[in-house]
file target.cif (mmCIF, C-alpha atoms)
data_input
loop_
_atom_site.label_atom_id
_atom_site.label_comp_id
_atom_site.auth_asym_id
_atom_site.auth_seq_id
_atom_site.Cartn_x
_atom_site.Cartn_y
_atom_site.Cartn_z
CA MET A 1 -1.11 -92.81 23.77
CA LYS A 2 -0.68 -89.05 23.72
CA TRP A 3 -4.40 -88.44 23.15
CA ILE A 4 -5.19 -90.23 26.43
CA SER A 5 -2.67 -88.08 28.23
CA ARG A 6 -4.17 -84.94 26.68
CA PHE A 7 -7.68 -86.11 27.61
CA LYS A 8 -6.67 -86.70 31.24
CA SER A 9 -5.01 -83.29 31.35
CA ALA A 10 -8.16 -81.64 30.04
CA VAL A 11 -10.31 -83.41 32.62
CA LEU A 12 -7.96 -82.47 35.43
CA ALA A 13 -7.87 -78.88 34.21
CA ALA A 14 -11.66 -78.76 34.20
CA LEU A 15 -11.81 -80.12 37.71
CA ALA A 16 -9.15 -77.66 38.81
CA CYS A 17 -11.22 -74.80 37.38
CA THR A 18 -14.23 -76.17 39.19
CA ALA A 19 -12.34 -76.28 42.47
CA ILE A 20 -11.22 -72.69 41.93
CA ALA A 21 -14.86 -71.77 41.38
CA GLY A 22 -15.65 -73.34 44.72
CA VAL A 23 -17.35 -76.64 43.87
CA PRO A 24 -16.20 -79.40 46.25
CA GLU A 25 -14.12 -82.00 44.45
CA ALA A 26 -16.49 -84.84 45.40
CA MET A 27 -19.45 -82.94 43.92
CA ALA A 28 -17.50 -82.04 40.77
CA GLN A 29 -16.76 -85.65 39.84
CA GLY A 30 -18.97 -87.74 37.62
CA LEU A 31 -21.08 -84.86 36.33
CA GLU A 32 -23.52 -85.44 33.50
CA LYS A 33 -22.77 -83.70 30.21
CA GLU A 34 -25.89 -81.53 30.17
CA LEU A 35 -27.92 -79.33 32.50
CA VAL A 36 -31.42 -78.08 31.63
CA ILE A 37 -32.49 -74.95 33.53
CA SER A 38 -35.93 -73.39 33.20
CA SER A 39 -36.28 -69.65 33.74
CA THR A 40 -38.59 -66.90 32.57
CA GLY A 41 -36.40 -66.05 29.56
CA GLY A 42 -35.75 -62.50 28.40
CA VAL A 43 -33.21 -60.29 30.13
CA MET A 44 -33.07 -62.54 33.20
CA GLU A 45 -32.08 -65.60 31.16
CA LYS A 46 -29.49 -63.66 29.13
CA THR A 47 -27.93 -62.22 32.26
CA LEU A 48 -27.87 -65.56 34.07
CA SER A 49 -26.29 -67.10 30.97
CA ARG A 50 -23.55 -64.52 30.81
CA TYR A 51 -22.56 -64.49 34.47
CA PHE A 52 -23.39 -68.01 35.66
CA TYR A 53 -24.31 -70.54 32.96
CA THR A 54 -21.35 -69.84 30.67
CA PRO A 55 -18.73 -69.78 33.47
CA PHE A 56 -20.16 -73.04 34.83
CA SER A 57 -19.90 -74.67 31.41
CA LYS A 58 -16.31 -73.47 30.98
CA ALA A 59 -15.35 -74.73 34.44
CA THR A 60 -16.97 -78.15 34.18
CA GLY A 61 -17.57 -78.96 30.52
CA VAL A 62 -21.31 -79.33 31.25
CA GLU A 63 -23.51 -77.80 28.55
CA VAL A 64 -26.22 -75.61 30.08
CA VAL A 65 -29.48 -75.67 28.12
CA PRO A 66 -31.79 -72.81 29.15
CA VAL A 67 -35.54 -73.19 28.66
CA ALA A 68 -37.59 -69.98 28.56
CA ILE A 69 -40.98 -70.59 30.16
CA GLU A 70 -43.20 -68.56 32.48
CA VAL A 71 -43.32 -69.96 36.00
CA PRO A 72 -46.99 -71.11 36.01
CA ASP A 73 -46.44 -72.88 32.65
CA GLN A 74 -43.25 -74.43 33.99
CA TRP A 75 -45.14 -76.07 36.86
CA ALA A 76 -47.92 -77.28 34.58
CA LYS A 77 -45.34 -78.84 32.29
CA LEU A 78 -43.37 -80.36 35.16
CA GLN A 79 -46.55 -81.89 36.56
CA ALA A 80 -47.31 -83.45 33.18
CA MET A 81 -43.71 -84.70 32.87
CA SER A 82 -43.87 -86.24 36.33
CA ARG A 83 -47.07 -88.11 35.47
CA SER A 84 -45.54 -89.46 32.25
CA GLY A 85 -42.28 -90.41 33.99
CA SER A 86 -40.19 -88.32 31.60
CA VAL A 87 -38.86 -85.23 33.38
CA GLU A 88 -36.73 -82.90 31.25
CA PHE A 89 -35.89 -80.09 33.67
CA ASP A 90 -32.92 -80.26 36.05
CA ILE A 91 -33.44 -76.92 37.77
CA VAL A 92 -36.73 -75.03 37.93
CA THR A 93 -37.53 -71.51 39.10
CA ALA A 94 -39.66 -71.48 42.24
CA THR A 95 -41.29 -68.83 44.39
CA PRO A 96 -41.54 -69.49 48.14
CA PRO A 97 -45.20 -70.64 47.90
CA ASP A 98 -44.19 -73.00 45.06
CA LEU A 99 -41.81 -74.72 47.45
CA VAL A 100 -44.81 -75.48 49.66
CA GLN A 101 -47.53 -76.12 47.10
CA LYS A 102 -45.39 -78.10 44.64
CA LYS A 103 -42.92 -79.82 46.96
CA GLU A 104 -44.17 -83.28 45.98
CA LEU A 105 -42.57 -82.58 42.56
CA LEU A 106 -39.19 -81.60 44.05
CA GLN A 107 -36.15 -83.31 45.49
CA PRO A 108 -35.44 -82.47 49.14
CA ILE A 109 -32.37 -80.27 49.64
CA ASP A 110 -29.77 -81.34 52.21
CA CYS A 111 -28.30 -77.96 53.06
CA SER A 112 -25.32 -79.57 54.83
CA LYS A 113 -24.08 -80.73 51.42
CA PHE A 114 -23.91 -77.17 50.06
CA PRO A 115 -21.10 -75.53 52.05
CA ASN A 116 -20.78 -72.54 49.69
CA VAL A 117 -24.45 -71.72 50.15
CA ALA A 118 -24.05 -71.91 53.93
CA ALA A 119 -20.88 -69.80 53.89
CA ASN A 120 -21.93 -67.13 51.37
CA GLY A 121 -25.72 -67.02 51.31
CA VAL A 122 -27.96 -64.51 53.05
CA LYS A 123 -30.14 -65.68 55.91
CA GLY A 124 -32.52 -68.36 54.65
CA ALA A 125 -30.67 -68.92 51.36
CA CYS A 126 -31.02 -72.70 51.67
CA THR A 127 -34.42 -74.25 52.37
CA PRO A 128 -35.63 -77.87 52.44
CA PHE A 129 -36.72 -77.73 48.78
CA GLY A 130 -34.87 -74.86 47.12
CA VAL A 131 -31.86 -72.56 47.18
CA MET A 132 -32.23 -68.81 46.73
CA ARG A 133 -31.30 -67.49 43.30
CA THR A 134 -32.40 -63.84 43.21
CA VAL A 135 -33.80 -61.46 45.80
CA GLY A 136 -35.96 -58.40 45.20
CA GLY A 137 -39.20 -56.91 46.32
CA MET A 138 -42.53 -55.63 45.14
CA GLN A 139 -41.89 -51.96 45.78
CA LEU A 140 -43.86 -48.76 45.63
CA GLY A 141 -42.45 -46.71 42.75
CA TYR A 142 -43.53 -43.17 41.97
CA SER A 143 -42.95 -40.20 39.67
CA THR A 144 -40.70 -37.50 41.10
CA ASP A 145 -42.28 -35.08 38.64
CA ALA A 146 -45.66 -35.68 40.31
CA PHE A 147 -44.39 -35.79 43.91
CA LYS A 148 -41.49 -33.73 45.21
CA GLY A 149 -39.66 -32.85 48.40
CA ASN A 150 -41.26 -34.26 51.53
CA ASN A 151 -44.60 -34.81 49.83
CA VAL A 152 -43.80 -38.25 48.46
CA PRO A 153 -45.54 -41.60 49.02
CA ARG A 154 -43.72 -43.89 51.45
CA THR A 155 -46.27 -46.53 52.44
CA TRP A 156 -49.16 -48.51 51.00
CA ALA A 157 -51.48 -46.23 52.97
CA ASP A 158 -50.04 -43.39 50.88
CA PHE A 159 -50.70 -45.41 47.72
CA TRP A 160 -54.36 -45.61 48.78
CA ASP A 161 -54.49 -41.89 49.68
CA THR A 162 -55.73 -40.38 46.42
CA THR A 163 -56.44 -37.00 48.04
CA LYS A 164 -52.91 -36.30 49.25
CA PHE A 165 -51.34 -38.16 46.33
CA PRO A 166 -53.68 -37.75 43.34
CA GLY A 167 -53.24 -39.41 39.99
CA PRO A 168 -53.62 -42.76 38.18
CA ARG A 169 -52.03 -45.88 39.66
CA GLY A 170 -50.72 -49.21 38.39
CA LEU A 171 -50.97 -52.65 39.98
CA PRO A 172 -49.83 -56.09 38.79
CA ASP A 173 -52.03 -58.80 37.37
CA THR A 174 -49.20 -61.29 37.12
CA GLY A 175 -46.96 -63.44 39.28
CA ASP A 176 -48.15 -63.81 42.87
CA ARG A 177 -50.58 -60.89 42.75
CA GLU A 178 -53.27 -62.98 44.46
CA TRP A 179 -51.39 -62.54 47.75
CA TRP A 180 -49.16 -59.52 47.05
CA LEU A 181 -52.16 -57.22 46.65
CA PRO A 182 -54.16 -58.42 49.67
CA VAL A 183 -50.99 -57.94 51.74
CA ALA A 184 -50.56 -54.37 50.46
CA ALA A 185 -54.25 -53.66 51.04
CA LEU A 186 -54.10 -54.87 54.64
CA LEU A 187 -50.95 -52.85 55.32
CA ALA A 188 -52.74 -49.82 53.84
CA ASP A 189 -55.66 -50.52 56.18
CA GLY A 190 -53.40 -50.42 59.22
CA VAL A 191 -52.70 -54.11 59.87
CA PRO A 192 -49.21 -54.52 61.44
CA ALA A 193 -46.72 -56.55 59.40
CA ASP A 194 -46.53 -59.27 62.06
CA LYS A 195 -50.33 -59.66 62.14
CA LEU A 196 -50.97 -60.10 58.42
CA PHE A 197 -51.36 -63.88 58.37
CA PRO A 198 -53.63 -65.65 58.01
CA LEU A 199 -54.88 -63.01 55.56
CA ASP A 200 -58.25 -61.44 56.31
CA LEU A 201 -59.40 -61.54 52.69
CA ASP A 202 -62.78 -59.89 53.29
CA ARG A 203 -61.03 -56.89 54.83
CA ALA A 204 -58.36 -56.90 52.10
CA TYR A 205 -60.84 -56.94 49.23
CA LYS A 206 -62.96 -54.25 50.85
CA LYS A 207 -59.81 -52.08 50.80
CA LEU A 208 -59.04 -53.11 47.22
CA ASP A 209 -62.54 -51.98 46.24
CA VAL A 210 -61.54 -48.48 47.39
CA ILE A 211 -58.44 -48.21 45.17
CA ARG A 212 -59.81 -50.04 42.15
CA PRO A 213 -61.35 -46.96 40.42
CA HIS A 214 -57.92 -45.30 40.48
CA ILE A 215 -56.04 -48.17 38.82
CA ALA A 216 -55.33 -47.05 35.26
CA VAL A 217 -53.21 -50.07 34.32
CA TRP A 218 -53.22 -53.67 35.52
CA TRP A 219 -49.80 -54.43 34.12
CA LYS A 220 -48.99 -57.92 32.85
CA SER A 221 -45.18 -57.98 32.57
CA GLY A 222 -42.03 -56.27 33.74
CA ASP A 223 -41.63 -54.63 30.34
CA GLN A 224 -45.13 -53.16 30.56
CA LEU A 225 -44.41 -51.95 34.09
CA MET A 226 -41.38 -50.03 32.82
CA GLN A 227 -43.34 -48.68 29.86
CA ILE A 228 -46.17 -47.22 31.94
CA MET A 229 -43.65 -45.44 34.16
CA ARG A 230 -41.59 -44.14 31.23
CA ASN A 231 -44.72 -42.92 29.43
CA LYS A 232 -46.17 -41.38 32.59
CA GLU A 233 -49.38 -43.39 32.27
CA VAL A 234 -49.38 -43.66 36.06
CA VAL A 235 -47.93 -41.55 38.86
CA MET A 236 -47.21 -44.54 41.09
CA THR A 237 -47.32 -48.32 40.96
CA MET A 238 -46.44 -51.51 42.73
CA GLY A 239 -43.58 -53.02 40.78
CA TYR A 240 -40.67 -55.43 40.61
CA SER A 241 -37.70 -53.77 42.28
CA SER A 242 -35.37 -54.80 39.45
CA LYS A 243 -37.47 -52.97 36.86
CA LEU A 244 -38.10 -49.88 38.94
CA ILE A 245 -34.46 -49.60 40.00
CA SER A 246 -33.36 -49.95 36.38
CA LEU A 247 -35.44 -46.86 35.62
CA VAL A 248 -33.89 -45.03 38.59
CA ASN A 249 -30.41 -45.97 37.38
CA ALA A 250 -31.32 -44.68 33.92
CA LYS A 251 -31.89 -41.25 35.55
CA LEU A 252 -35.60 -41.16 34.82
CA PRO A 253 -37.74 -39.04 37.18
CA ILE A 254 -38.71 -42.05 39.27
CA ALA A 255 -38.03 -43.04 42.87
CA THR A 256 -38.80 -46.10 44.97
CA THR A 257 -39.03 -47.05 48.62
CA TRP A 258 -38.12 -50.29 50.37
CA ASN A 259 -40.49 -49.41 53.19
CA GLN A 260 -43.19 -52.15 53.27
CA ALA A 261 -41.77 -53.74 50.10
CA ILE A 262 -43.02 -57.32 49.79
CA SER A 263 -40.24 -59.89 49.51
CA ASP A 264 -39.97 -61.33 45.97
CA VAL A 265 -37.54 -64.24 45.92
CA ALA A 266 -36.80 -66.79 43.22
CA TYR A 267 -35.35 -70.17 44.21
CA MET A 268 -33.48 -72.86 42.30
CA ALA A 269 -35.16 -76.22 42.87
CA ILE A 270 -34.35 -79.68 41.53
CA PRO A 271 -37.30 -81.79 40.34
CA LYS A 272 -37.67 -85.40 41.32
CA SER A 273 -36.32 -87.65 38.55
CA ALA A 274 -34.30 -84.77 37.07
CA PRO A 275 -32.14 -86.33 34.33
CA HIS A 276 -28.93 -84.59 35.45
CA PRO A 277 -29.13 -84.23 39.26
CA LYS A 278 -25.36 -84.18 39.89
CA ALA A 279 -24.86 -81.32 37.46
CA ALA A 280 -27.81 -79.50 39.03
CA ALA A 281 -26.32 -79.74 42.53
CA ALA A 282 -22.88 -78.74 41.26
CA TYR A 283 -24.32 -75.68 39.50
CA ILE A 284 -26.06 -74.47 42.66
CA GLU A 285 -22.86 -74.84 44.65
CA PHE A 286 -20.88 -73.18 41.82
CA PHE A 287 -23.33 -70.27 41.86
CA TYR A 288 -22.49 -69.57 45.51
CA GLY A 289 -18.82 -70.42 45.08
CA LEU A 290 -18.09 -67.64 42.61
CA PRO A 291 -16.40 -64.58 44.11
CA ALA A 292 -18.61 -61.74 45.28
CA GLN A 293 -17.28 -59.55 42.46
CA GLU A 294 -18.93 -61.85 39.89
CA HIS A 295 -22.27 -61.49 41.66
CA VAL A 296 -21.81 -57.72 41.66
CA LYS A 297 -21.52 -57.78 37.86
CA PHE A 298 -24.83 -59.62 37.67
CA VAL A 299 -26.47 -57.18 40.11
CA ASN A 300 -25.21 -54.18 38.13
CA ALA A 301 -26.47 -55.68 34.88
CA ILE A 302 -30.02 -56.51 36.01
CA SER A 303 -30.67 -54.60 39.26
CA TYR A 304 -31.66 -57.82 41.00
CA ASP A 305 -29.65 -59.16 43.93
CA THR A 306 -28.54 -62.74 44.16
CA GLY A 307 -28.72 -64.53 47.49
CA PHE A 308 -24.96 -63.93 47.93
CA ALA A 309 -24.43 -61.96 51.14
CA GLY A 310 -21.17 -60.25 50.15
CA THR A 311 -22.31 -58.14 47.21
CA ALA A 312 -23.65 -55.09 49.06
CA ALA A 313 -20.27 -54.28 50.63
CA LEU A 314 -18.67 -54.01 47.17
CA ILE A 315 -21.18 -51.56 45.72
CA THR A 316 -21.14 -47.78 46.13
CA PRO A 317 -23.35 -46.46 48.95
CA GLU A 318 -25.66 -44.76 46.43
CA ARG A 319 -26.26 -48.00 44.54
CA ARG A 320 -26.25 -50.12 47.71
CA ALA A 321 -29.22 -48.16 49.07
CA LEU A 322 -31.26 -49.58 46.17
CA LEU A 323 -30.48 -53.24 46.86
CA ALA A 324 -32.77 -55.68 48.64
CA THR A 325 -29.94 -57.46 50.46
CA SER A 326 -28.42 -54.27 51.88
CA PRO A 327 -28.65 -54.48 55.68
CA GLU A 328 -30.77 -51.32 55.81
CA ASN A 329 -33.32 -52.85 53.41
CA PHE A 330 -33.35 -56.61 53.95
CA ASP A 331 -35.00 -56.50 57.38
CA LYS A 332 -37.68 -54.10 56.07
CA LEU A 333 -39.03 -56.63 53.60
CA ILE A 334 -42.51 -57.98 54.31
CA VAL A 335 -42.06 -61.76 54.33
CA ALA A 336 -45.25 -63.75 53.91
CA ASP A 337 -46.27 -66.87 55.75
CA HIS A 338 -45.41 -68.92 52.69
CA GLU A 339 -46.66 -72.13 54.27
CA TRP A 340 -50.11 -70.56 54.58
CA VAL A 341 -49.97 -69.03 51.10
CA GLY A 342 -48.85 -72.30 49.54
CA LYS A 343 -51.62 -74.32 51.19
CA ASN A 344 -54.29 -71.73 50.25
CA ARG A 345 -52.99 -70.68 46.86
CA GLN A 346 -55.82 -72.00 44.71
CA MET A 347 -58.38 -70.33 46.96
CA LEU A 348 -56.40 -67.08 46.81
CA ARG A 349 -56.17 -67.31 43.03
CA ASP A 350 -59.88 -68.05 42.61
CA ARG A 351 -60.80 -65.10 44.85
CA TRP A 352 -58.53 -62.78 42.87
CA ILE A 353 -59.82 -63.85 39.45
CA SER A 354 -63.43 -63.53 40.62
CA TRP A 355 -62.81 -60.03 42.01
CA LEU A 356 -60.90 -58.72 39.01
CA GLY A 357 -63.50 -60.11 36.61
CA ARG A 358 -66.42 -58.32 38.25
#
call {"tool": "encode", "arguments": {"input": "target.cif", "output": "structure tokens"}}
result
Amino acid sequence: MKWISRFKSAVLAALACTAIAGVPEAMAQGLEKELVISSTGGVMEKTLSRYFYTPFSKATGVEVVPVAIEVPDQWAKLQAMSRSGSVEFDIVTATPPDLVQKKELLQPIDCSKFPNVAANGVKGACTPFGVMRTVGGMQLGYSTDAFKGNNVPRTWADFWDTTKFPGPRGLPDTGDREWWLPVAALLADGVPADKLFPLDLDRAYKKLDVIRPHIAVWWKSGDQLMQIMRNKEVVMTMGYSSKLISLVNAKLPIATTWNQAISDVAYMAIPKSAPHPKAAAAYIEFFYGLPAQEHVKFVNAISYDTGFAGTAALITPERRALLATSPENFDKLIVADHEWVGKNRQMLRDRWISWLGR
């Protein structure tokens, strides 16, 4: 029965590869044959596929099926799936408020069963309902053609200062803008970072009224954000760190600051009744079991950090200064009271839509 012998050898080889990748043997056994992961598609999905999905498939024999879907649509679909009793996703992309607002749709995470995450993750990488995937920030990015030397914007108060820093601005109307922008407005109005929550929305929107006439573009996507900076439609903007840093790395006349950047973290979460929960758990542990050098390749390709703590030390000081997880930047991030945001999200969203539609 040579074919049986060959089959056993192949299985053992796969498990050996998995062990090398860092997945505990007990977790690597009995995996389902498929793993469905929802993400926002585009460059992020392609880069995750290259550096994480494909290696996981090669190590375990599990076929990874990516589903491109924007995060709000993902949650709407997952809610409908949960009601029908037919969940298709194994891993979903979650923001910190999602882990609060949508936790009834998610499996609890027992962090003690993910030793690689504990050993290799940054502070807070594992939470009760999700494990950190990527780490960035909503930064202030600006044109170095418009602002030079010491006369450059460094804070949200500078963003609001149209006398010292004249020119058209950009702000997001996407993602978690319903709390990102009130946070920036309150910081611009002098509220200390540790006194932001609960958000004083009346004060925040009064400050937003001041900057609104100077907003030339309410950008809708990361691609549009990059376009308005390339085309010099704005002299400064709030933006995803990954997109802004990509422009910096491309040697465009653009700079960013991590000062008062608002933490922008994506988590991997496992829905209740996920069809392939063992494969989902194994993938998360595999993600954190890969060597730091593999995470560095991902970071270099997309300018987004993973939650892996060891990447910064392997990157040149010039590039490291641009990363969210670098020690000099990580503690500067403005971290929201996500419990408060999650519980008040619909109110925040309604207030934002009403204000923008005026």
call {"tool": "closest_residue", "arguments": {"input": "target.cif", "among": "A:Leu201, A:Ala250, A:Val265, A:Ala309", "to": "A:Arg349", "atoms": "only C-alpha atoms"}}
result
A:Leu201
call {"tool": "resolve_selection", "arguments": {"input": "target.cif", "expression": "the PyMOL selection byres ((chain A and resi 134-138) around 10)", "output": "VMD selection string"}}
result
chain A and resid 122 125 131 to 133 139 to 141 172 177 180 to 181 184 237 to 242 244 257 to 258 260 to 268 299 303 to 308 323 to 325 330 333 to 335
call {"tool": "resolve_selection", "arguments": {"input": "target.cif", "expression": "the PyMOL selection byres ((chain A and resi 87) around 12)", "output": "PyMOL selection string"}}
result
chain A and resi 36+74-75+77-86+88-92+105-106+270-277
call {"tool": "atom_distance", "arguments": {"input": "target.cif", "atom1": "atom CA of A:Ser246", "atom2": "atom CA of A:Thr162"}}
result
26.3 Å
call {"tool": "closest_residue", "arguments": {"input": "target.cif", "among": "A:Tyr142, A:Trp352, A:Trp160, A:Phe197", "to": "A:Leu225", "atoms": "all atoms listed in the file"}}
result
A:Tyr142
call {"tool": "residues_around", "arguments": {"input": "target.cif", "residues": "A:Asp110", "least_positions_apart": "4", "cutoff": "12 Å", "atoms": "all atoms listed in the file", "output": "PyMOL selection string"}}
result
chain A and resi 114-115+117-118+126-131+269-270+281
call {"tool": "residues_around", "arguments": {"input": "target.cif", "residues": "A:Val341", "least_positions_apart": "5", "cutoff": "12 Å", "atoms": "only C-alpha atoms", "output": "list of chain:residue names"}}
result
A:Thr95, A:Pro96, A:Pro97, A:Asp98, A:Leu99, A:Val100, A:Gln101, A:Asp176, A:Arg177, A:Glu178, A:Trp179, A:Trp180, A:Pro182, A:Val183, A:Leu196, A:Phe197, A:Pro198, A:Leu199, A:Val335, A:Ala336, A:Gln346, A:Met347, A:Leu348, A:Arg349
call {"tool": "write_last_selection", "arguments": {"input": "target.cif", "atoms": "C-alpha atoms", "output": "JSON list (two decimals), in the frame of the given file"}}
result
[["chain", "number", "residue", "atom", "x", "y", "z"],
["A", 95, "THR", "CA", -41.29, -68.83, 44.39],
["A", 96, "PRO", "CA", -41.54, -69.49, 48.14],
["A", 97, "PRO", "CA", -45.20, -70.64, 47.90],
["A", 98, "ASP", "CA", -44.19, -73.00, 45.06],
["A", 99, "LEU", "CA", -41.81, -74.72, 47.45],
["A", 100, "VAL", "CA", -44.81, -75.48, 49.66],
["A", 101, "GLN", "CA", -47.53, -76.12, 47.10],
["A", 176, "ASP", "CA", -48.15, -63.81, 42.87],
["A", 177, "ARG", "CA", -50.58, -60.89, 42.75],
["A", 178, "GLU", "CA", -53.27, -62.98, 44.46],
["A", 179, "TRP", "CA", -51.39, -62.54, 47.75],
["A", 180, "TRP", "CA", -49.16, -59.52, 47.05],
["A", 182, "PRO", "CA", -54.16, -58.42, 49.67],
["A", 183, "VAL", "CA", -50.99, -57.94, 51.74],
["A", 196, "LEU", "CA", -50.97, -60.10, 58.42],
["A", 197, "PHE", "CA", -51.36, -63.88, 58.37],
["A", 198, "PRO", "CA", -53.63, -65.65, 58.01],
["A", 199, "LEU", "CA", -54.88, -63.01, 55.56],
["A", 335, "VAL", "CA", -42.06, -61.76, 54.33],
["A", 336, "ALA", "CA", -45.25, -63.75, 53.91],
["A", 346, "GLN", "CA", -55.82, -72.00, 44.71],
["A", 347, "MET", "CA", -58.38, -70.33, 46.96],
["A", 348, "LEU", "CA", -56.40, -67.08, 46.81],
["A", 349, "ARG", "CA", -56.17, -67.31, 43.03]]
call {"tool": "closest_residue", "arguments": {"input": "target.cif", "among": "A:Ile245, A:Leu356, A:Ala279, A:Val71", "to": "A:Asn300", "atoms": "all atoms listed in the file"}}
result
A:Ile245
call {"tool": "residues_around", "arguments": {"input": "target.cif", "residues": "A:Phe159", "least_positions_apart": "5", "cutoff": "9 Å", "atoms": "only C-alpha atoms", "output": "PyMOL selection string"}}
result
chain A and resi 140+153-154+165+169+188+211+236-238
call {"tool": "closest_residue", "arguments": {"input": "target.cif", "among": "A:Lys332, A:Gly30, A:Tyr51, A:Lys102", "to": "A:His295", "atoms": "all atoms listed in the file"}}
result
A:Tyr51
call {"tool": "resolve_selection", "arguments": {"input": "target.cif", "expression": "the PyMOL selection byres ((chain A and resi 62) around 12)", "output": "PyMOL selection string"}}
result
chain A and resi 11+14-15+18+28-36+53-61+63-65+276+278-280+282-283
call {"tool": "closest_residue", "arguments": {"input": "target.cif", "among": "A:Asp158, A:Ile284, A:Leu322, A:Pro213", "to": "A:Leu247", "atoms": "all atoms listed in the file"}}
result
A:Leu322
call {"tool": "closest_residue", "arguments": {"input": "target.cif", "among": "A:Ala146, A:Ala119, A:Val217, A:Ile37", "to": "A:Ala94", "atoms": "all atoms listed in the file"}}
result
A:Ile37
call {"tool": "axis_aligned_box", "arguments": {"input": "target.cif", "around": "stretch 141-158 of chain A", "padding_each_side": "4 Å", "output": "AutoDock Vina command-line options"}}
result
--center_x -45.6 --center_y -40.7 --center_z 45.8 --size_x 19.8 --size_y 23.7 --size_z 22.3
call {"tool": "residues_around", "arguments": {"input": "target.cif", "residues": "A:Glu294", "least_positions_apart": "3", "cutoff": "12 Å", "atoms": "all atoms listed in the file", "output": "PyMOL selection string"}}
result
chain A and resi 21+47-48+50-52+55+286-291+297-301+305-306+308+310-311+314
call {"tool": "atom_distance", "arguments": {"input": "target.cif", "atom1": "atom CA of A:Ser326", "atom2": "atom CA of A:Gly121"}}
result
13.0 Å
call {"tool": "atom_distance", "arguments": {"input": "target.cif", "atom1": "atom CA of A:Ala292", "atom2": "atom CA of A:Ala312"}}
result
9.2 Å
call {"tool": "decode", "arguments": {"input": "target.cif", "residues": "stretch 194-205 of chain A", "atoms": "N, CA, C and O atoms", "output": "PDB file, in the first residue's frame"}}
result
ATOM      1  N   ASP A 194      -5.884  62.529  27.449  1.00  0.00           N
ATOM      2  CA  ASP A 194      -6.467  61.660  28.477  1.00  0.00           C
ATOM      3  C   ASP A 194      -7.810  62.171  28.987  1.00  0.00           C
ATOM      4  O   ASP A 194      -8.397  61.573  29.892  1.00  0.00           O
ATOM      5  N   LYS A 195      -8.309  63.262  28.404  1.00  0.00           N
ATOM      6  CA  LYS A 195      -9.606  63.810  28.811  1.00  0.00           C
ATOM      7  C   LYS A 195     -10.613  63.809  27.664  1.00  0.00           C
ATOM      8  O   LYS A 195     -11.666  64.443  27.750  1.00  0.00           O
ATOM      9  N   LEU A 196     -10.324  63.096  26.608  1.00  0.00           N
ATOM     10  CA  LEU A 196     -11.162  63.136  25.409  1.00  0.00           C
ATOM     11  C   LEU A 196     -12.523  62.464  25.603  1.00  0.00           C
ATOM     12  O   LEU A 196     -13.526  62.907  25.041  1.00  0.00           O
ATOM     13  N   PHE A 197     -12.532  61.379  26.374  1.00  0.00           N
ATOM     14  CA  PHE A 197     -13.758  60.569  26.487  1.00  0.00           C
ATOM     15  C   PHE A 197     -14.369  60.696  27.872  1.00  0.00           C
ATOM     16  O   PHE A 197     -13.640  60.767  28.863  1.00  0.00           O
ATOM     17  N   PRO A 198     -15.713  60.688  27.881  1.00  0.00           N
ATOM     18  CA  PRO A 198     -16.638  60.636  26.755  1.00  0.00           C
ATOM     19  C   PRO A 198     -16.560  61.905  25.901  1.00  0.00           C
ATOM     20  O   PRO A 198     -16.331  62.992  26.446  1.00  0.00           O
ATOM     21  N   LEU A 199     -16.708  61.767  24.588  1.00  0.00           N
ATOM     22  CA  LEU A 199     -16.541  62.892  23.681  1.00  0.00           C
ATOM     23  C   LEU A 199     -17.592  63.974  23.928  1.00  0.00           C
ATOM     24  O   LEU A 199     -18.790  63.679  24.027  1.00  0.00           O
ATOM     25  N   ASP A 200     -17.134  65.208  24.000  1.00  0.00           N
ATOM     26  CA  ASP A 200     -18.025  66.365  24.067  1.00  0.00           C
ATOM     27  C   ASP A 200     -18.368  66.723  22.620  1.00  0.00           C
ATOM     28  O   ASP A 200     -17.668  67.510  21.975  1.00  0.00           O
ATOM     29  N   LEU A 201     -19.436  66.144  22.104  1.00  0.00           N
ATOM     30  CA  LEU A 201     -19.752  66.289  20.683  1.00  0.00           C
ATOM     31  C   LEU A 201     -20.180  67.706  20.320  1.00  0.00           C
ATOM     32  O   LEU A 201     -19.898  68.166  19.200  1.00  0.00           O
ATOM     33  N   ASP A 202     -20.845  68.409  21.212  1.00  0.00           N
ATOM     34  CA  ASP A 202     -21.222  69.793  20.905  1.00  0.00           C
ATOM     35  C   ASP A 202     -19.973  70.643  20.689  1.00  0.00           C
ATOM     36  O   ASP A 202     -19.894  71.422  19.727  1.00  0.00           O
ATOM     37  N   ARG A 203     -18.999  70.472  21.569  1.00  0.00           N
ATOM     38  CA  ARG A 203     -17.741  71.215  21.424  1.00  0.00           C
ATOM     39  C   ARG A 203     -16.996  70.777  20.161  1.00  0.00           C
ATOM     40  O   ARG A 203     -16.463  71.612  19.425  1.00  0.00           O
ATOM     41  N   ALA A 204     -16.989  69.471  19.894  1.00  0.00           N
ATOM     42  CA  ALA A 204     -16.282  68.955  18.718  1.00  0.00           C
ATOM     43  C   ALA A 204     -16.885  69.499  17.427  1.00  0.00           C
ATOM     44  O   ALA A 204     -16.163  69.944  16.515  1.00  0.00           O
ATOM     45  N   TYR A 205     -18.201  69.477  17.332  1.00  0.00           N
ATOM     46  CA  TYR A 205     -18.832  69.921  16.088  1.00  0.00           C
ATOM     47  C   TYR A 205     -18.780  71.438  15.931  1.00  0.00           C
ATOM     48  O   TYR A 205     -18.767  71.948  14.793  1.00  0.00           O
TER      49      TYR A 205
END
